[in-house]
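The file structure_14.cif contains mmCIF, C-alpha atoms and all ligand atoms:
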```cif
data_upload
#
loop_
_atom_site.group_PDB
_atom_site.id
_atom_site.type_symbol
_atom_site.label_atom_id
_atom_site.label_comp_id
_atom_site.auth_asym_id
_atom_site.auth_seq_id
_atom_site.Cartn_x
_atom_site.Cartn_y
_atom_site.Cartn_z
ATOM 1 C CA MET A 93 -2.014 -19.876 0.833
ATOM 2 C CA ALA A 94 -1.331 -21.919 -2.296
ATOM 3 C CA ASP A 95 -3.723 -24.694 -1.294
ATOM 4 C CA ARG A 96 -7.215 -23.312 -1.708
ATOM 5 C CA ASP A 97 -10.096 -23.189 -4.150
ATOM 6 C CA GLY A 98 -10.542 -20.258 -6.495
ATOM 7 C CA LYS A 99 -9.150 -18.756 -9.659
ATOM 8 C CA ILE A 100 -6.117 -16.603 -10.349
ATOM 9 C CA TRP A 101 -5.797 -14.570 -13.545
ATOM 10 C CA ILE A 102 -2.476 -15.249 -15.258
ATOM 11 C CA ASP A 103 -1.577 -13.699 -18.616
ATOM 12 C CA GLY A 104 -5.196 -13.427 -19.641
ATOM 13 C CA GLU A 105 -6.411 -16.836 -18.442
ATOM 14 C CA LEU A 106 -8.260 -17.803 -15.271
ATOM 15 C CA VAL A 107 -6.224 -20.627 -13.750
ATOM 16 C CA ASP A 108 -7.176 -22.865 -10.813
ATOM 17 C CA TRP A 109 -5.619 -21.459 -7.627
ATOM 18 C CA ARG A 110 -3.539 -24.610 -6.976
ATOM 19 C CA ASP A 111 -2.167 -24.628 -10.540
ATOM 20 C CA ALA A 112 -1.070 -20.979 -10.542
ATOM 21 C CA LYS A 113 2.675 -21.737 -10.676
ATOM 22 C CA ILE A 114 5.797 -20.344 -12.334
ATOM 23 C CA HIS A 115 9.227 -21.793 -13.122
ATOM 24 C CA VAL A 116 12.084 -21.643 -10.565
ATOM 25 C CA LEU A 117 14.261 -19.877 -13.154
ATOM 26 C CA THR A 118 11.884 -16.925 -13.330
ATOM 27 C CA HIS A 119 14.092 -13.834 -13.707
ATOM 28 C CA THR A 120 12.190 -11.809 -11.083
ATOM 29 C CA LEU A 121 12.582 -14.565 -8.497
ATOM 30 C CA HIS A 122 16.362 -14.249 -8.837
ATOM 31 C CA TYR A 123 16.902 -10.513 -9.170
ATOM 32 C CA GLY A 124 13.747 -8.883 -7.824
ATOM 33 C CA CYS A 125 12.836 -6.778 -10.841
ATOM 34 C CA GLY A 126 9.041 -6.815 -10.762
ATOM 35 C CA ALA A 127 6.191 -4.565 -9.679
ATOM 36 C CA PHE A 128 2.908 -5.050 -7.914
ATOM 37 C CA GLU A 129 -0.159 -3.349 -6.524
ATOM 38 C CA GLY A 130 -2.302 -3.728 -3.454
ATOM 39 C CA VAL A 131 -5.933 -2.855 -4.099
ATOM 40 C CA ARG A 132 -9.089 -3.273 -2.001
ATOM 41 C CA ALA A 133 -12.700 -3.958 -2.850
ATOM 42 C CA TYR A 134 -15.392 -3.058 -0.329
ATOM 43 C CA ASN A 135 -18.878 -4.436 0.141
ATOM 44 C CA THR A 136 -20.721 -1.151 -0.364
ATOM 45 C CA ALA A 137 -24.492 -0.553 -0.184
ATOM 46 C CA GLN A 138 -24.367 -0.381 -4.011
ATOM 47 C CA GLY A 139 -22.601 -3.763 -4.256
ATOM 48 C CA THR A 140 -18.964 -4.845 -4.262
ATOM 49 C CA ALA A 141 -16.751 -2.068 -5.582
ATOM 50 C CA ILE A 142 -13.007 -1.603 -6.046
ATOM 51 C CA PHE A 143 -11.585 1.562 -4.503
ATOM 52 C CA ARG A 144 -9.609 3.819 -6.851
ATOM 53 C CA LEU A 145 -9.077 1.015 -9.343
ATOM 54 C CA ARG A 146 -7.850 3.338 -12.092
ATOM 55 C CA GLU A 147 -5.251 5.026 -9.877
ATOM 56 C CA HIS A 148 -3.899 1.675 -8.675
ATOM 57 C CA THR A 149 -3.785 0.324 -12.212
ATOM 58 C CA GLU A 150 -2.071 3.429 -13.528
ATOM 59 C CA ARG A 151 0.484 3.187 -10.711
ATOM 60 C CA LEU A 152 1.172 -0.419 -11.741
ATOM 61 C CA PHE A 153 1.838 0.736 -15.302
ATOM 62 C CA ASN A 154 4.044 3.559 -14.023
ATOM 63 C CA SER A 155 5.991 1.140 -11.802
ATOM 64 C CA ALA A 156 6.529 -1.108 -14.850
ATOM 65 C CA LYS A 157 7.589 1.888 -16.941
ATOM 66 C CA ILE A 158 10.165 2.917 -14.319
ATOM 67 C CA LEU A 159 11.513 -0.653 -14.412
ATOM 68 C CA ARG A 160 11.600 -0.572 -18.251
ATOM 69 C CA MET A 161 9.065 -3.400 -18.388
ATOM 70 C CA LYS A 162 6.460 -3.115 -21.126
ATOM 71 C CA LEU A 163 3.151 -4.585 -19.978
ATOM 72 C CA PRO A 164 1.387 -6.234 -22.933
ATOM 73 C CA TYR A 165 -2.055 -4.884 -21.880
ATOM 74 C CA THR A 166 -3.943 -1.629 -21.688
ATOM 75 C CA VAL A 167 -4.949 0.001 -18.387
ATOM 76 C CA GLU A 168 -8.597 -0.807 -19.254
ATOM 77 C CA GLN A 169 -7.821 -4.497 -19.782
ATOM 78 C CA VAL A 170 -6.053 -4.722 -16.435
ATOM 79 C CA MET A 171 -8.904 -2.895 -14.702
ATOM 80 C CA ASP A 172 -11.426 -5.314 -16.231
ATOM 81 C CA ALA A 173 -9.276 -8.293 -15.250
ATOM 82 C CA GLN A 174 -9.236 -7.161 -11.593
ATOM 83 C CA LYS A 175 -13.025 -6.880 -11.576
ATOM 84 C CA GLU A 176 -13.283 -10.313 -13.162
ATOM 85 C CA VAL A 177 -11.062 -11.878 -10.487
ATOM 86 C CA VAL A 178 -13.241 -10.454 -7.699
ATOM 87 C CA ARG A 179 -16.403 -11.664 -9.477
ATOM 88 C CA VAL A 180 -15.285 -15.210 -10.276
ATOM 89 C CA ASN A 181 -14.008 -15.754 -6.743
ATOM 90 C CA LYS A 182 -17.379 -14.489 -5.439
ATOM 91 C CA LEU A 183 -15.700 -12.069 -3.042
ATOM 92 C CA GLU A 184 -17.716 -9.294 -1.405
ATOM 93 C CA SER A 185 -14.829 -7.406 0.154
ATOM 94 C CA CYS A 186 -11.243 -8.365 -0.523
ATOM 95 C CA TYR A 187 -7.649 -7.460 -1.195
ATOM 96 C CA ILE A 188 -6.483 -7.635 -4.815
ATOM 97 C CA ARG A 189 -2.878 -8.315 -5.778
ATOM 98 C CA PRO A 190 -1.754 -7.689 -9.360
ATOM 99 C CA LEU A 191 1.932 -8.485 -9.941
ATOM 100 C CA THR A 192 4.062 -8.227 -13.047
ATOM 101 C CA TRP A 193 7.250 -10.215 -13.482
ATOM 102 C CA ILE A 194 9.935 -11.127 -15.990
ATOM 103 C CA GLY A 195 9.905 -14.640 -17.435
ATOM 104 C CA SER A 196 12.444 -17.460 -17.380
ATOM 105 C CA GLU A 197 13.786 -17.413 -20.963
ATOM 106 C CA LYS A 198 17.291 -16.511 -19.784
ATOM 107 C CA LEU A 199 18.895 -15.596 -16.513
ATOM 108 C CA GLY A 200 21.647 -13.020 -17.080
ATOM 109 C CA VAL A 201 21.176 -9.812 -15.120
ATOM 110 C CA SER A 202 19.887 -8.112 -18.277
ATOM 111 C CA PRO A 203 16.289 -9.188 -18.820
ATOM 112 C CA LYS A 204 16.254 -7.827 -22.382
ATOM 113 C CA GLY A 205 14.216 -10.124 -24.619
ATOM 114 C CA ASN A 206 12.508 -11.966 -21.755
ATOM 115 C CA THR A 207 8.719 -12.109 -21.630
ATOM 116 C CA ILE A 208 6.687 -9.895 -19.271
ATOM 117 C CA HIS A 209 3.879 -11.534 -17.300
ATOM 118 C CA LEU A 210 0.981 -10.383 -15.178
ATOM 119 C CA MET A 211 -1.053 -12.166 -12.552
ATOM 120 C CA ILE A 212 -4.010 -11.005 -10.461
ATOM 121 C CA ALA A 213 -5.183 -12.766 -7.296
ATOM 122 C CA ALA A 214 -7.815 -11.704 -4.749
ATOM 123 C CA TRP A 215 -8.711 -12.939 -1.291
ATOM 124 C CA SER A 216 -10.465 -11.838 1.888
ATOM 125 C CA TRP A 217 -8.150 -9.833 4.130
ATOM 126 C CA GLY A 218 -9.345 -7.959 7.218
ATOM 127 C CA ALA A 219 -7.608 -5.104 9.027
ATOM 128 C CA TYR A 220 -3.871 -5.351 8.203
ATOM 129 C CA LEU A 221 -2.712 -4.063 11.575
ATOM 130 C CA GLY A 222 -5.642 -5.585 13.471
ATOM 131 C CA GLU A 223 -9.184 -4.416 14.292
ATOM 132 C CA GLU A 224 -7.896 -3.424 17.723
ATOM 133 C CA GLY A 225 -5.166 -1.336 16.086
ATOM 134 C CA LEU A 226 -7.783 0.629 14.106
ATOM 135 C CA LYS A 227 -9.503 1.602 17.364
ATOM 136 C CA ARG A 228 -6.725 1.882 19.938
ATOM 137 C CA GLY A 229 -3.745 2.690 17.772
ATOM 138 C CA ILE A 230 -0.548 0.726 17.272
ATOM 139 C CA ARG A 231 2.944 0.768 18.737
ATOM 140 C CA VAL A 232 5.711 1.677 16.294
ATOM 141 C CA LYS A 233 9.499 1.519 16.372
ATOM 142 C CA THR A 234 11.941 3.689 14.431
ATOM 143 C CA SER A 235 13.801 1.179 12.287
ATOM 144 C CA SER A 236 17.538 0.674 12.415
ATOM 145 C CA TYR A 237 17.231 0.157 8.630
ATOM 146 C CA THR A 238 17.284 3.215 6.357
ATOM 147 C CA ARG A 239 14.543 3.655 3.728
ATOM 148 C CA HIS A 240 15.686 3.564 0.114
ATOM 149 C CA HIS A 241 17.465 6.600 -1.204
ATOM 150 C CA VAL A 242 15.500 8.051 -4.152
ATOM 151 C CA ASN A 243 18.245 7.197 -6.643
ATOM 152 C CA ILE A 244 18.817 3.526 -5.861
ATOM 153 C CA THR A 245 15.926 1.253 -6.801
ATOM 154 C CA MET A 246 13.392 4.036 -7.460
ATOM 155 C CA THR A 247 10.896 4.908 -4.777
ATOM 156 C CA GLN A 248 7.903 5.888 -6.920
ATOM 157 C CA ALA A 249 7.716 2.361 -8.294
ATOM 158 C CA LYS A 250 6.037 -0.263 -6.129
ATOM 159 C CA THR A 251 8.728 -2.786 -6.892
ATOM 160 C CA VAL A 252 9.154 -6.279 -5.536
ATOM 161 C CA SER A 253 12.746 -5.650 -4.455
ATOM 162 C CA ASN A 254 11.927 -2.499 -2.467
ATOM 163 C CA TYR A 255 10.085 -4.742 -0.035
ATOM 164 C CA THR A 256 13.203 -6.508 1.245
ATOM 165 C CA ASN A 257 13.818 -3.275 3.120
ATOM 166 C CA SER A 258 10.203 -3.284 4.389
ATOM 167 C CA ILE A 259 10.446 -6.926 5.465
ATOM 168 C CA LEU A 260 13.675 -6.333 7.419
ATOM 169 C CA ALA A 261 12.186 -3.302 9.155
ATOM 170 C CA ASN A 262 8.890 -5.024 9.941
ATOM 171 C CA MET A 263 10.559 -8.183 11.272
ATOM 172 C CA GLU A 264 12.944 -6.197 13.466
ATOM 173 C CA ALA A 265 10.074 -4.133 14.915
ATOM 174 C CA THR A 266 7.714 -7.061 15.472
ATOM 175 C CA ASP A 267 10.491 -9.237 16.967
ATOM 176 C CA ASP A 268 11.011 -6.399 19.443
ATOM 177 C CA GLY A 269 7.309 -6.479 20.346
ATOM 178 C CA TYR A 270 6.105 -3.510 18.271
ATOM 179 C CA ASP A 271 3.333 -3.615 15.679
ATOM 180 C CA GLU A 272 5.138 -1.893 12.819
ATOM 181 C CA ALA A 273 8.311 -0.035 11.809
ATOM 182 C CA MET A 274 8.785 3.596 10.812
ATOM 183 C CA LEU A 275 11.748 4.181 8.508
ATOM 184 C CA LEU A 276 13.945 7.246 8.157
ATOM 185 C CA ASP A 277 15.474 8.325 4.857
ATOM 186 C CA ALA A 278 19.208 8.415 4.157
ATOM 187 C CA SER A 279 19.395 11.937 5.669
ATOM 188 C CA GLY A 280 17.612 10.891 8.852
ATOM 189 C CA PHE A 281 14.202 12.394 8.083
ATOM 190 C CA VAL A 282 10.971 10.451 8.457
ATOM 191 C CA SER A 283 10.074 8.562 5.294
ATOM 192 C CA GLU A 284 7.216 6.090 5.860
ATOM 193 C CA GLY A 285 6.149 2.832 7.486
ATOM 194 C CA ALA A 286 7.200 -0.570 6.154
ATOM 195 C CA GLY A 287 3.964 -0.638 4.128
ATOM 196 C CA GLU A 288 2.261 2.646 4.970
ATOM 197 C CA ASN A 289 2.524 6.418 4.615
ATOM 198 C CA LEU A 290 2.778 8.447 7.796
ATOM 199 C CA PHE A 291 0.879 11.516 8.974
ATOM 200 C CA ILE A 292 1.182 13.588 12.143
ATOM 201 C CA ILE A 293 -1.103 16.258 13.556
ATOM 202 C CA LYS A 294 0.202 19.226 15.534
ATOM 203 C CA ASN A 295 -1.954 22.150 16.691
ATOM 204 C CA GLY A 296 -4.713 21.159 14.279
ATOM 205 C CA VAL A 297 -2.445 21.011 11.192
ATOM 206 C CA VAL A 298 -1.827 17.713 9.385
ATOM 207 C CA TYR A 299 1.736 17.018 8.193
ATOM 208 C CA THR A 300 3.165 14.243 6.033
ATOM 209 C CA PRO A 301 6.676 13.713 4.621
ATOM 210 C CA ASP A 302 7.149 15.058 1.117
ATOM 211 C CA LEU A 303 7.982 12.375 -1.439
ATOM 212 C CA SER A 304 11.663 13.345 -1.610
ATOM 213 C CA ALA A 305 11.988 11.353 1.645
ATOM 214 C CA GLY A 306 11.525 8.231 -0.497
ATOM 215 C CA ALA A 307 7.955 7.455 0.539
ATOM 216 C CA LEU A 308 5.604 5.829 -1.933
ATOM 217 C CA ASN A 309 3.020 8.192 -3.424
ATOM 218 C CA GLY A 310 0.227 6.364 -1.634
ATOM 219 C CA ILE A 311 -3.270 6.374 -3.045
ATOM 220 C CA THR A 312 -4.656 6.377 0.493
ATOM 221 C CA ARG A 313 -2.293 9.302 1.228
ATOM 222 C CA ASN A 314 -3.892 11.153 -1.671
ATOM 223 C CA THR A 315 -7.354 10.250 -0.339
ATOM 224 C CA ILE A 316 -6.375 11.813 3.017
ATOM 225 C CA PHE A 317 -5.551 15.058 1.189
ATOM 226 C CA ALA A 318 -9.119 15.142 -0.172
ATOM 227 C CA ILE A 319 -10.580 14.307 3.242
ATOM 228 C CA CYS A 320 -8.574 17.069 4.938
ATOM 229 C CA ALA A 321 -9.807 19.584 2.352
ATOM 230 C CA ASP A 322 -13.401 18.478 3.058
ATOM 231 C CA LEU A 323 -12.876 18.737 6.831
ATOM 232 C CA GLY A 324 -11.222 22.163 6.531
ATOM 233 C CA LEU A 325 -7.923 20.798 7.852
ATOM 234 C CA LYS A 326 -4.704 22.340 6.612
ATOM 235 C CA ILE A 327 -2.296 19.740 5.263
ATOM 236 C CA VAL A 328 1.411 20.332 4.738
ATOM 237 C CA GLU A 329 4.004 18.118 2.994
ATOM 238 C CA LYS A 330 7.426 18.718 4.495
ATOM 239 C CA ARG A 331 10.544 17.151 5.958
ATOM 240 C CA ILE A 332 9.697 15.652 9.341
ATOM 241 C CA THR A 333 12.102 14.541 12.078
ATOM 242 C CA ARG A 334 11.493 11.588 14.384
ATOM 243 C CA ASP A 335 11.251 13.878 17.397
ATOM 244 C CA GLU A 336 8.488 15.851 15.686
ATOM 245 C CA VAL A 337 6.563 12.580 15.730
ATOM 246 C CA TYR A 338 7.324 12.088 19.464
ATOM 247 C CA ILE A 339 5.827 15.494 20.293
ATOM 248 C CA ALA A 340 2.958 15.407 17.777
ATOM 249 C CA ASP A 341 -0.595 15.535 19.157
ATOM 250 C CA GLU A 342 -1.615 12.578 16.978
ATOM 251 C CA ALA A 343 -0.143 10.301 14.341
ATOM 252 C CA PHE A 344 -1.468 7.706 11.935
ATOM 253 C CA PHE A 345 -0.429 5.387 9.121
ATOM 254 C CA THR A 346 -2.284 5.024 5.832
ATOM 255 C CA GLY A 347 -2.283 2.354 3.155
ATOM 256 C CA THR A 348 -4.591 0.165 1.130
ATOM 257 C CA ALA A 349 -3.970 -2.714 3.525
ATOM 258 C CA ALA A 350 -3.522 -0.588 6.691
ATOM 259 C CA GLU A 351 -6.380 1.818 5.769
ATOM 260 C CA VAL A 352 -6.158 4.573 8.448
ATOM 261 C CA THR A 353 -4.407 3.146 11.510
ATOM 262 C CA PRO A 354 -3.695 5.434 14.482
ATOM 263 C CA ILE A 355 -0.218 5.324 16.046
ATOM 264 C CA ARG A 356 -0.254 5.583 19.810
ATOM 265 C CA GLU A 357 3.468 5.166 20.564
ATOM 266 C CA LEU A 358 6.774 5.616 18.802
ATOM 267 C CA ASP A 359 9.873 4.105 20.421
ATOM 268 C CA ARG A 360 7.930 3.657 23.693
ATOM 269 C CA ILE A 361 7.103 7.364 23.773
ATOM 270 C CA GLU A 362 3.362 8.037 23.901
ATOM 271 C CA ILE A 363 2.076 10.278 21.133
ATOM 272 C CA GLY A 364 -0.412 12.799 22.524
ATOM 273 C CA ALA A 365 -2.744 10.985 24.900
ATOM 274 C CA GLY A 366 -1.427 7.576 23.768
ATOM 275 C CA GLN A 367 -4.639 6.631 21.979
ATOM 276 C CA ARG A 368 -6.493 7.329 18.738
ATOM 277 C CA GLY A 369 -6.753 11.129 18.622
ATOM 278 C CA PRO A 370 -9.936 13.076 17.817
ATOM 279 C CA VAL A 371 -8.714 14.431 14.450
ATOM 280 C CA THR A 372 -7.474 10.988 13.409
ATOM 281 C CA GLU A 373 -10.856 9.562 14.342
ATOM 282 C CA LYS A 374 -12.637 12.118 12.127
ATOM 283 C CA ILE A 375 -10.313 11.403 9.188
ATOM 284 C CA GLN A 376 -10.642 7.646 9.718
ATOM 285 C CA SER A 377 -14.414 7.832 9.837
ATOM 286 C CA ALA A 378 -14.515 9.970 6.658
ATOM 287 C CA PHE A 379 -12.216 7.426 4.992
ATOM 288 C CA PHE A 380 -14.458 4.479 5.850
ATOM 289 C CA ASP A 381 -17.504 6.431 4.631
ATOM 290 C CA ILE A 382 -15.824 6.995 1.269
ATOM 291 C CA VAL A 383 -14.552 3.447 0.705
ATOM 292 C CA ASN A 384 -17.856 1.950 1.799
ATOM 293 C CA GLY A 385 -19.830 4.118 -0.630
ATOM 294 C CA ARG A 386 -21.466 6.370 1.977
ATOM 295 C CA ASN A 387 -20.157 9.641 0.506
ATOM 296 C CA GLY A 388 -21.675 10.432 -2.895
ATOM 297 C CA LYS A 389 -19.005 13.024 -3.648
ATOM 298 C CA TYR A 390 -16.501 10.225 -4.226
ATOM 299 C CA ALA A 391 -18.767 7.753 -6.013
ATOM 300 C CA GLU A 392 -16.437 7.819 -9.028
ATOM 301 C CA TRP A 393 -13.652 6.330 -6.867
ATOM 302 C CA LEU A 394 -15.644 3.113 -6.543
ATOM 303 C CA SER A 395 -15.743 0.744 -9.532
ATOM 304 C CA LYS A 396 -18.514 -1.783 -9.226
ATOM 305 C CA VAL A 397 -17.388 -5.278 -10.118
HETATM 306 N N1 LIG A 401 4.283 2.947 1.466
HETATM 307 C C1 LIG A 401 4.582 1.662 1.267
HETATM 308 C C2 LIG A 401 5.973 1.204 1.417
HETATM 309 C C3 LIG A 401 3.559 0.754 0.940
HETATM 310 O O1 LIG A 401 3.839 -0.542 0.766
HETATM 311 C C4 LIG A 401 2.238 1.211 0.824
HETATM 312 C C5 LIG A 401 1.142 0.254 0.467
HETATM 313 N N2 LIG A 401 0.980 0.162 -0.925
HETATM 314 C C6 LIG A 401 1.989 2.564 1.034
HETATM 315 C C7 LIG A 401 3.036 3.407 1.358
HETATM 316 C C8 LIG A 401 0.609 3.127 0.922
HETATM 317 O O2 LIG A 401 0.197 3.145 -0.423
HETATM 318 P P1 LIG A 401 -1.330 3.001 -0.822
HETATM 319 O O3 LIG A 401 -2.076 3.945 0.022
HETATM 320 O O4 LIG A 401 -1.361 3.365 -2.260
HETATM 321 O O5 LIG A 401 -1.713 1.587 -0.578
#
```
Please lay out the structure from this file as structure tokens.
Ligand code: PMP
Amino acid sequence: MADRDGKIWIDGELVDWRDAKIHVLTHTLHYGCGAFEGVRAYNTAQGTAIFRLREHTERLFNSAKILRMKLPYTVEQVMDAQKEVVRVNKLESCYIRPLTWIGSEKLGVSPKGNTIHLMIAAWSWGAYLGEEGLKRGIRVKTSSYTRHHVNITMTQAKTVSNYTNSILANMEATDDGYDEAMLLDASGFVSEGAGENLFIIKNGVVYTPDLSAGALNGITRNTIFAICADLGLKIVEKRITRDEVYIADEAFFTGTAAEVTPIRELDRIEIGAGQRGPVTEKIQSAFFDIVNGRNGKYAEWLSKV
């Protein structure tokens, strides 16, 4: 990935992709205290536009705040920088990755006094869990790894270090032949996927774990709330057990990368009819209408680059 043409924004400068390097004594590389975002731009009829840019940028600032890292920019500057990265790389639809890290001035555990950096890269990235997965649904395994407890590394921050847990869960599940992992919280209740929020549908009602289960407050999750209101679907945040997922009529994952991906099996147990369910299909289709600029009601969620 390092060897390609293009520009990456680093600390206010556009740097050639191949020269976008940092020192091996970078504090974040050693201790994992850093935060990032995953953002998508879509090629809408009105031109390339970034979906919910402000919300993603504000979450990045909140993640940094939780980590006691003071970003030396304003939200507006970071929003403009993301648009600039999409423009200069001439991308029509893409994934955008802002990441903030602590510099290499000194390497004790305390990063006090070290510099804070920000980079923004963007590249083309299709369906995270596969085009086929979007249509047919994916196969998921309950992870043997527990999702972070809310008082360990902070679950409302999208931190670099939180993803070790996601990587372990995803590798275990994919090594076992599944597409993705579902993690339970420290009390055994459903939390989220390795990189996605989870929803189930039972008797026409949509349920998702409340955030006390350690799930990230997903921006796609929030978009689903708006879609359900539009479709007249009741949505409930509550504690969910893994067997509630087994006997749900439908289930799906959401995320910026994963978009709305149906789940057809959990732990080799078919969910509902073992395919993308009709309610999921409606929600998915409404989601793609919104992100692709086909629903005027949500025009303000799309920032043209
Ligand atoms: N949970 C985790 C662990 C994630 O990595 C993501 C992706 N950012 C999500 C949930 C979904 O968040 P969003 O919809 O904001 O991308």
Evaluate the PyMOL selection byres (((chain A and resi 227-244) around 6) and not hetatm) here and jot the selected residues down as a ChimeraX atom specification. /A:224-226,245-247,261,265,270-278,306,354-359,367-368
Contacts between ligand LIG 401 (chain A) and chain A, please, where a residue of chain A counts if it comes within 7 Å (with only C-alpha atoms and all ligand atoms); show its shortest atom pair and distance in Å to one decimal, rows by chain and ascending number, as a tab-separated table.
```
residue	atom	partner	partner_atom	distance
A:Glu129	CA	A:LIG401	N2	6.7
A:Gly130	CA	A:LIG401	N2	5.7
A:Ser258	CA	A:LIG401	C2	6.8
A:Glu284	CA	A:LIG401	N1	6.1
A:Gly285	CA	A:LIG401	C2	6.3
A:Ala286	CA	A:LIG401	C2	5.2
A:Gly287	CA	A:LIG401	O1	3.4
A:Glu288	CA	A:LIG401	C7	3.8
A:Asn289	CA	A:LIG401	C7	4.5
A:Ala307	CA	A:LIG401	N1	5.9
A:Leu308	CA	A:LIG401	N1	4.6
A:Asn309	CA	A:LIG401	O2	6.5
A:Gly310	CA	A:LIG401	O2	3.4
A:Ile311	CA	A:LIG401	O4	3.6
A:Thr312	CA	A:LIG401	O3	3.6
A:Arg313	CA	A:LIG401	O3	5.5
A:Thr346	CA	A:LIG401	O3	5.9
A:Gly347	CA	A:LIG401	O3	3.5
A:Thr348	CA	A:LIG401	O5	3.6
A:Ala349	CA	A:LIG401	O5	6.4
```
Residue members of the PyMOL selection byres (((chain A and resi 376) around 10) and not hetatm) in the file shown, as a ChimeraX atom specification: /A:226-227,316,319,344,346,351-354,368,370-375,377-382
Using the selection just defined, write its residues with C-alpha atoms as an mmCIF file, in the frame of the given file.
```cif
data_model
loop_
_atom_site.group_PDB
_atom_site.id
_atom_site.type_symbol
_atom_site.label_atom_id
_atom_site.label_comp_id
_atom_site.auth_asym_id
_atom_site.auth_seq_id
_atom_site.Cartn_x
_atom_site.Cartn_y
_atom_site.Cartn_z
ATOM 1 C CA LEU A 226 -7.783 0.629 14.106
ATOM 2 C CA LYS A 227 -9.503 1.602 17.364
ATOM 3 C CA ILE A 316 -6.375 11.813 3.017
ATOM 4 C CA ILE A 319 -10.580 14.307 3.242
ATOM 5 C CA PHE A 344 -1.468 7.706 11.935
ATOM 6 C CA THR A 346 -2.284 5.024 5.832
ATOM 7 C CA GLU A 351 -6.380 1.818 5.769
ATOM 8 C CA VAL A 352 -6.158 4.573 8.448
ATOM 9 C CA THR A 353 -4.407 3.146 11.510
ATOM 10 C CA PRO A 354 -3.695 5.434 14.482
ATOM 11 C CA ARG A 368 -6.493 7.329 18.738
ATOM 12 C CA PRO A 370 -9.936 13.076 17.817
ATOM 13 C CA VAL A 371 -8.714 14.431 14.450
ATOM 14 C CA THR A 372 -7.474 10.988 13.409
ATOM 15 C CA GLU A 373 -10.856 9.562 14.342
ATOM 16 C CA LYS A 374 -12.637 12.118 12.127
ATOM 17 C CA ILE A 375 -10.313 11.403 9.188
ATOM 18 C CA SER A 377 -14.414 7.832 9.837
ATOM 19 C CA ALA A 378 -14.515 9.970 6.658
ATOM 20 C CA PHE A 379 -12.216 7.426 4.992
ATOM 21 C CA PHE A 380 -14.458 4.479 5.850
ATOM 22 C CA ASP A 381 -17.504 6.431 4.631
ATOM 23 C CA ILE A 382 -15.824 6.995 1.269
#
```
Non-local contacts of Tyr165 in chain A (10 Å; only C-alpha atoms; under 5 positions in same chain excluded) as a tab-separated table (two decimals) with C-alpha atoms, in the coordinates of the input:
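The resulting file, around-v1.tsv, is reproduced below:
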```tsv
chain	number	residue	atom	x	y	z
A	103	ASP	CA	-1.58	-13.70	-18.62
A	104	GLY	CA	-5.20	-13.43	-19.64
A	153	PHE	CA	1.84	0.74	-15.30
A	170	VAL	CA	-6.05	-4.72	-16.43
A	210	LEU	CA	0.98	-10.38	-15.18
```
Residues near Phe291 in chain A, cut-off 8 Å, all atoms listed in the file, skip fewer than 6 positions along chain, as a list in words: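 Skipping anything fewer than 6 positions along the chain leaves Val298, Tyr299, Thr300, Pro301, Ala343, Phe344, Phe345 and Thr346 of chain A.
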Find the spatial neighbours of Cys186 in chain A, counting all atoms listed in the file, within a cut-off of 6 Å - ignore same-chain residues fewer than 4 positions away - and output them as a list in words.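 Skipping anything fewer than 4 positions along the chain leaves Arg132, Ala133, Trp215, Ser216 and Trp217 of chain A.
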Counting only C-alpha atoms, what is within 10 Å of Trp393 in chain A, bar same-chain residues fewer than 5 positions away, as a short mmCIF file (atom, residue, chain, number, x, y, z; two decimals) with C-alpha atoms, in the frame of the given file?
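That gives us around19.cif:
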```
data_model
loop_
_atom_site.label_atom_id
_atom_site.label_comp_id
_atom_site.auth_asym_id
_atom_site.auth_seq_id
_atom_site.Cartn_x
_atom_site.Cartn_y
_atom_site.Cartn_z
CA ALA A 141 -16.75 -2.07 -5.58
CA ILE A 142 -13.01 -1.60 -6.05
CA PHE A 143 -11.58 1.56 -4.50
CA ARG A 144 -9.61 3.82 -6.85
CA LEU A 145 -9.08 1.01 -9.34
CA ARG A 146 -7.85 3.34 -12.09
CA GLU A 147 -5.25 5.03 -9.88
CA THR A 315 -7.35 10.25 -0.34
CA ILE A 382 -15.82 7.00 1.27
CA VAL A 383 -14.55 3.45 0.70
CA GLY A 385 -19.83 4.12 -0.63
CA GLY A 388 -21.68 10.43 -2.90
#
```
Explicit residue set for the PyMOL selection byres (((chain A and resi 212) around 10) and not hetatm), as a list in words: Lys99, Ile100, Trp101, Ile102, Asp103, Gly104, Leu106, Phe128, Glu129, Val170, Ala173, Gln174, Lys175, Glu176, Val177, Val178, Ile188, Arg189, Pro190, Leu191, Thr192, Leu210, Met211, Ala213 and Ala214 of chain A
Could you tell me how far CA of Gly195 in chain A sits from CA of His209 in chain A, in Å to one decimal place? 6.8 Å
Among the residues A:Leu121, A:Ile114, A:Val397, A:Ala127, the one that comes closest to Leu183 in chain A [using all atoms listed in the file]: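 Among the listed residues, the smallest separation from Leu183 in chain A belongs to A:Val397.
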Excluding same-chain residues fewer than 2 positions from Asn135 in chain A, what lies within 6 Å of it counting only C-alpha atoms, as a short mmCIF file (atom, residue, chain, number, x, y, z; two decimals) with C-alpha atoms, in the frame of the given file?
```
data_model
loop_
_atom_site.label_atom_id
_atom_site.label_comp_id
_atom_site.auth_asym_id
_atom_site.auth_seq_id
_atom_site.Cartn_x
_atom_site.Cartn_y
_atom_site.Cartn_z
CA GLY A 139 -22.60 -3.76 -4.26
CA THR A 140 -18.96 -4.84 -4.26
CA GLU A 184 -17.72 -9.29 -1.40
CA SER A 185 -14.83 -7.41 0.15
#
```
Place a sphere of radius 7 Å on (8.8, -4.3, -9.6) in the file coordinates and name every protein, DNA or RNA residue with an atom inside or on its surface, counting only C-alpha atoms; give the answer as a list in words.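 Within 7 Å of (8.8, -4.3, -9.6), the protein and nucleic acid residues are Gly124, Cys125, Gly126, Ala127, Phe128, Ser155, Ala156, Leu159, Ala249, Lys250, Thr251, Val252 and Ser253 of chain A.
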